[in-house]
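**Q** Here it is, the structure, as structure tokens.
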Amino acid sequence: MGTVGAGADGIVGERRQLINVAYRLLGSVTEAEDAVQDAYARWYGLPRSRQEEILSPGAWLTTVTGRICLDLLGSARARRERYVGAWLPEPLPDRTEWDHAGGTGPTGPADPADQIVLDESVAMAFLVVLESMTPAERVAFVLHEVFRYPYAEIAGVLVRTPAACKQLAASARRRVAAAGTPVAAAGQADVVRHLKEAWETKDIAALVGLLDPAAVMTADGGGMVRTVLRPVEGGACIARYMVAIADKAPGLELLERSVNGVPGLVAQRAGVVVTVASFEVSDGRVSRIWAVRSPEKLRPWAREGWGRSRNRRRAGVAPAQGGPSRSWRGSSWPTRHGRSPGRR
């Protein structure tokens, strides 16, 4: 159940849960923050008498956030048709790797990226599969399979019957199964480290040995920086491309960092992050590379402004505990933290 009562503490305590839901639905920290802020604005816009009638403000906020995300997902499809090159979800850093002062980042604990629980439901491979779903499938799947909301309550978000929501989630599960989305492979950090070393030394033979022959690299520059507009296919082609990048970018520093909770690489020049790369590793080789270069999507990685997506937070809305409690593996999915998206 969501938080009972309309007290300020109860409302504030829902923010982290809502950010976690919205990021998994939208794949964007910026849009997730905007969706949650919009939901809070609608809550504060209600007459006091109406607020007092709602027994579970957390449930109400989740319903509204879910509907806002559903609308955004619908409009996103049209926007991404005009997007320059491939569109990838925003990568998330592990705050413990970027926190040099201890405790929190420079912009404080309310940063949305700092509130997102890093588990396998935010791994880049999983988020990319979510992008292949219809908006309704994605909402039904994320709310039920990741956060364990019952279909009767998801029906209140999608304005459909529980049976229809169950069918949507089943269709989404088939997409996940068809994609064969893996969990982080044991030894992935070692593979990524060897790839980094081969890249730094421009050792094409070593790179080819570390890349699956059928590997695919997808880059997202958003039309703002130079990068390949179409996926690069084949381990040998990717190896040559990586070496060409190293030749054209002197002074590029590669760092091993957690990306969405999985070992990845960060490339920076003069202390500024210019690329964040995620990897899928199968049988000891890299099978997929997702390279995010769009400056808009690298804001959470800025050393001076950790997690600063738009910094347009409503005063008094602070983080709270919430989010998926454990990673999913096969048929074992995260349980939700007692949240209920339906109205009470």
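Order determines the names: the first chain of the structure tokens is A, the second B, and so forth; residues in each chain are numbered 1 upward, and ligands are numbered 1 upward as they are shown.
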Can you list every residue in region 107-277 of chain A that DSSP puts in helix (DSSP H, G or I), as a ChimeraX atom specification?
**A** /A:112-115,120-122,124-131,135-146,151-158,162-179,188-200,204-210,235-248
**Q** Tell me which protein, DNA and RNA residues are within 8 Å of Gly222 (chain A), counting only C-alpha atoms, leaving out same-chain ones fewer than 6 positions away, and put them as a count of residues only.
**A** 7
**Q** Assign secondary structure with DSSP using the backbone only, and return the residues of region 30-252 of chain A in strand (DSSP E) as a ChimeraX atom specification.
**A** /A:211-220,232-233
**Q** Here is a test: counting only C-alpha atoms, which residue of A:Arg240, A:Gly156, A:Val146, A:Pro135 is nearest to Trp199 (chain A)?
**A**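 Ranking A:Arg240, A:Gly156, A:Val146, A:Pro135 by distance to Trp199 (chain A), first place goes to A:Arg240.
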**Q** Counting only C-alpha atoms, which residues of region 181-292 of chain A sit at most 12 Å from some atom of region 110-131 of chain A, and what is each one's closest atom pair with its distance in Å to one decimal, listed by chain and rising residue number, as JSON lines?
**A**
{"residue": "A:Thr181", "atom": "CA", "partner": "A:Phe126", "partner_atom": "CA", "distance": 6.3}
{"residue": "A:Pro182", "atom": "CA", "partner": "A:Ala125", "partner_atom": "CA", "distance": 7.7}
{"residue": "A:Val183", "atom": "CA", "partner": "A:Glu120", "partner_atom": "CA", "distance": 6.7}
{"residue": "A:Ala184", "atom": "CA", "partner": "A:Glu120", "partner_atom": "CA", "distance": 7.8}
{"residue": "A:Ala185", "atom": "CA", "partner": "A:Glu120", "partner_atom": "CA", "distance": 11.4}
{"residue": "A:Thr218", "atom": "CA", "partner": "A:Val128", "partner_atom": "CA", "distance": 11.0}
{"residue": "A:Ser258", "atom": "CA", "partner": "A:Leu118", "partner_atom": "CA", "distance": 9.8}
{"residue": "A:Val259", "atom": "CA", "partner": "A:Ala123", "partner_atom": "CA", "distance": 7.9}
{"residue": "A:Asn260", "atom": "CA", "partner": "A:Ala123", "partner_atom": "CA", "distance": 5.2}
{"residue": "A:Gly261", "atom": "CA", "partner": "A:Leu118", "partner_atom": "CA", "distance": 5.1}
{"residue": "A:Val262", "atom": "CA", "partner": "A:Ala123", "partner_atom": "CA", "distance": 6.8}
{"residue": "A:Pro263", "atom": "CA", "partner": "A:Ala123", "partner_atom": "CA", "distance": 10.2}
{"residue": "A:Gly264", "atom": "CA", "partner": "A:Met124", "partner_atom": "CA", "distance": 10.5}
{"residue": "A:Val276", "atom": "CA", "partner": "A:Met124", "partner_atom": "CA", "distance": 11.3}
{"residue": "A:Ala277", "atom": "CA", "partner": "A:Met124", "partner_atom": "CA", "distance": 9.7}
{"residue": "A:Ser278", "atom": "CA", "partner": "A:Met124", "partner_atom": "CA", "distance": 6.7}
{"residue": "A:Phe279", "atom": "CA", "partner": "A:Met124", "partner_atom": "CA", "distance": 8.1}
{"residue": "A:Glu280", "atom": "CA", "partner": "A:Ala125", "partner_atom": "CA", "distance": 7.0}
{"residue": "A:Val281", "atom": "CA", "partner": "A:Ala125", "partner_atom": "CA", "distance": 10.4}
{"residue": "A:Ser287", "atom": "CA", "partner": "A:Ala125", "partner_atom": "CA", "distance": 10.9}
{"residue": "A:Arg288", "atom": "CA", "partner": "A:Ala125", "partner_atom": "CA", "distance": 8.5}
{"residue": "A:Ile289", "atom": "CA", "partner": "A:Ala125", "partner_atom": "CA", "distance": 9.5}
{"residue": "A:Trp290", "atom": "CA", "partner": "A:Met124", "partner_atom": "CA", "distance": 7.8}
{"residue": "A:Ala291", "atom": "CA", "partner": "A:Met124", "partner_atom": "CA", "distance": 10.4}
{"residue": "A:Val292", "atom": "CA", "partner": "A:Met124", "partner_atom": "CA", "distance": 10.8}
**Q** What does the file look like for those residues with N, CA, C and O atoms, as a short mmCIF file (atom, residue, chain, number, x, y, z; two decimals), in the first residue's frame?
**A**
data_model
loop_
_atom_site.label_atom_id
_atom_site.label_comp_id
_atom_site.auth_asym_id
_atom_site.auth_seq_id
_atom_site.Cartn_x
_atom_site.Cartn_y
_atom_site.Cartn_z
N THR A 181 17.81 -11.27 -23.09
CA THR A 181 18.53 -10.30 -22.28
C THR A 181 19.28 -11.00 -21.15
O THR A 181 18.67 -11.62 -20.29
N PRO A 182 20.61 -10.91 -21.12
CA PRO A 182 21.38 -11.61 -20.10
C PRO A 182 21.57 -10.77 -18.84
O PRO A 182 21.39 -9.55 -18.86
N VAL A 183 21.91 -11.42 -17.78
CA VAL A 183 22.34 -10.69 -16.59
C VAL A 183 23.83 -10.38 -16.78
O VAL A 183 24.46 -10.88 -17.72
N ALA A 184 24.38 -9.54 -15.92
CA ALA A 184 25.79 -9.21 -16.03
C ALA A 184 26.61 -10.50 -15.90
O ALA A 184 26.46 -11.26 -14.95
N ALA A 185 27.44 -10.75 -16.88
CA ALA A 185 28.21 -12.00 -16.91
C ALA A 185 29.30 -11.97 -15.86
O ALA A 185 29.91 -10.94 -15.58
N THR A 218 26.48 0.35 -31.06
CA THR A 218 25.52 1.42 -31.34
C THR A 218 25.95 2.66 -30.58
O THR A 218 26.27 2.59 -29.40
N SER A 258 31.37 1.87 -13.23
CA SER A 258 30.08 1.18 -13.27
C SER A 258 29.11 2.03 -14.08
O SER A 258 28.97 3.23 -13.84
N VAL A 259 28.46 1.41 -15.05
CA VAL A 259 27.46 2.08 -15.87
C VAL A 259 26.14 1.34 -15.71
O VAL A 259 26.03 0.18 -16.07
N ASN A 260 25.16 2.00 -15.12
CA ASN A 260 23.88 1.36 -14.82
C ASN A 260 24.07 0.07 -14.01
O ASN A 260 23.40 -0.93 -14.22
N GLY A 261 25.05 0.11 -13.12
CA GLY A 261 25.28 -1.02 -12.23
C GLY A 261 26.10 -2.14 -12.81
O GLY A 261 26.28 -3.18 -12.17
N VAL A 262 26.62 -1.96 -14.03
CA VAL A 262 27.39 -3.01 -14.71
C VAL A 262 28.75 -2.43 -15.12
O VAL A 262 28.83 -1.25 -15.48
N PRO A 263 29.83 -3.22 -15.09
CA PRO A 263 31.14 -2.70 -15.49
C PRO A 263 31.12 -2.09 -16.89
O PRO A 263 30.65 -2.71 -17.84
N GLY A 264 31.63 -0.88 -17.00
CA GLY A 264 31.66 -0.19 -18.28
C GLY A 264 32.89 0.69 -18.37
O GLY A 264 33.79 0.62 -17.53
N VAL A 276 30.25 7.52 -22.61
CA VAL A 276 30.02 6.48 -21.61
C VAL A 276 29.62 5.22 -22.36
O VAL A 276 28.66 5.24 -23.13
N ALA A 277 30.37 4.15 -22.16
CA ALA A 277 30.13 2.92 -22.91
C ALA A 277 29.66 1.80 -22.00
O ALA A 277 30.25 1.54 -20.95
N SER A 278 28.59 1.13 -22.42
CA SER A 278 28.06 -0.05 -21.74
C SER A 278 28.34 -1.27 -22.61
O SER A 278 28.43 -1.16 -23.84
N PHE A 279 28.43 -2.43 -21.96
CA PHE A 279 28.78 -3.64 -22.69
C PHE A 279 27.88 -4.81 -22.31
O PHE A 279 27.41 -4.90 -21.18
N GLU A 280 27.69 -5.68 -23.28
CA GLU A 280 27.08 -6.99 -23.03
C GLU A 280 28.16 -8.02 -23.32
O GLU A 280 28.78 -8.00 -24.38
N VAL A 281 28.39 -8.89 -22.37
CA VAL A 281 29.44 -9.90 -22.51
C VAL A 281 28.80 -11.29 -22.52
O VAL A 281 28.01 -11.63 -21.64
N SER A 287 29.67 -8.78 -26.89
CA SER A 287 28.73 -8.98 -28.00
C SER A 287 27.97 -7.71 -28.38
O SER A 287 27.50 -7.58 -29.50
N ARG A 288 27.82 -6.78 -27.42
CA ARG A 288 27.15 -5.51 -27.71
C ARG A 288 27.88 -4.38 -27.01
O ARG A 288 28.36 -4.53 -25.88
N ILE A 289 27.97 -3.24 -27.71
CA ILE A 289 28.51 -2.02 -27.12
C ILE A 289 27.50 -0.91 -27.36
O ILE A 289 27.02 -0.72 -28.48
N TRP A 290 27.17 -0.19 -26.31
CA TRP A 290 26.31 0.98 -26.41
C TRP A 290 27.12 2.19 -25.95
O TRP A 290 27.49 2.28 -24.78
N ALA A 291 27.41 3.10 -26.87
CA ALA A 291 28.24 4.26 -26.57
C ALA A 291 27.39 5.53 -26.60
O ALA A 291 26.88 5.92 -27.66
N VAL A 292 27.22 6.16 -25.46
CA VAL A 292 26.43 7.38 -25.37
C VAL A 292 27.38 8.57 -25.39
O VAL A 292 28.26 8.69 -24.53
#
**Q** Looking at only C-alpha atoms, which of A:Asp203, A:Asp190, A:Asp247, A:Asp212 is the one that sits closest to Leu265 (chain A)?
**A**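 Of A:Asp203, A:Asp190, A:Asp247, A:Asp212, the one nearest Leu265 (chain A) is A:Asp190, counting only C-alpha atoms.
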**Q** List the spatial neighbours of Glu200 (chain A) as a count of residues only - criterion: any atom at most 8 Å away, only C-alpha atoms, same-chain residues fewer than 3 positions off excluded.
**A** 5
**Q** Report as a list in words all protein, DNA and RNA residues lying within 10 Å of Glu31 (chain A), evaluated on only C-alpha atoms, omitting residues in the same chain fewer than 3 positions from it.
**A**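 The filter keeps Ile19, Ala22, Tyr23, Leu25, Leu26, Gly27, Ser28, Asp34, Ala35, Val36, Gln37, Cys69, Leu72, Ser309 and Arg310 of chain A.
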**Q** Kindly give the distance, in Å, that separates CA of Arg82 (chain A) and CA of Asp220 (chain A), rounded to a single decimal.
**A**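 The value is 13.5 Å.
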**Q** Which of these, A:Thr65, A:Ser171, A:Thr30, A:Thr201, has the shortest distance to Glu14 (chain A) once you count only C-alpha atoms?
**A**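 With only C-alpha atoms as the atom set, the closest residue is A:Thr65.
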**Q** Mind pulling up the distance from CA of Leu61 (chain A) to CA of Trp43 (chain A)?
**A**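 Pair CA of Trp43 (chain A) / CA of Leu61 (chain A) returns 7.4 Å.
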**Q** Calculate how many Å separate CA of Leu211 (chain A) from CA of Leu195 (chain A), rounding to one decimal.
**A**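 One can read the CA of Leu211 (chain A) to CA of Leu195 (chain A) distance as 8.5 Å.
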**Q** Which of these, A:Arg148, A:Trp301, A:Gln17, A:Cys237, has the shortest distance to Ala267 (chain A) once you count only C-alpha atoms?
**A**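 Under the stated criterion, the closest residue is A:Trp301.
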**Q** Residues near Glu137 (chain A), anyone? I mean within 9 Å using only C-alpha atoms, not counting same-chain ones fewer than 5 positions away, as number ranges by chain.
**A** A: 130, 142, 165, 167-172
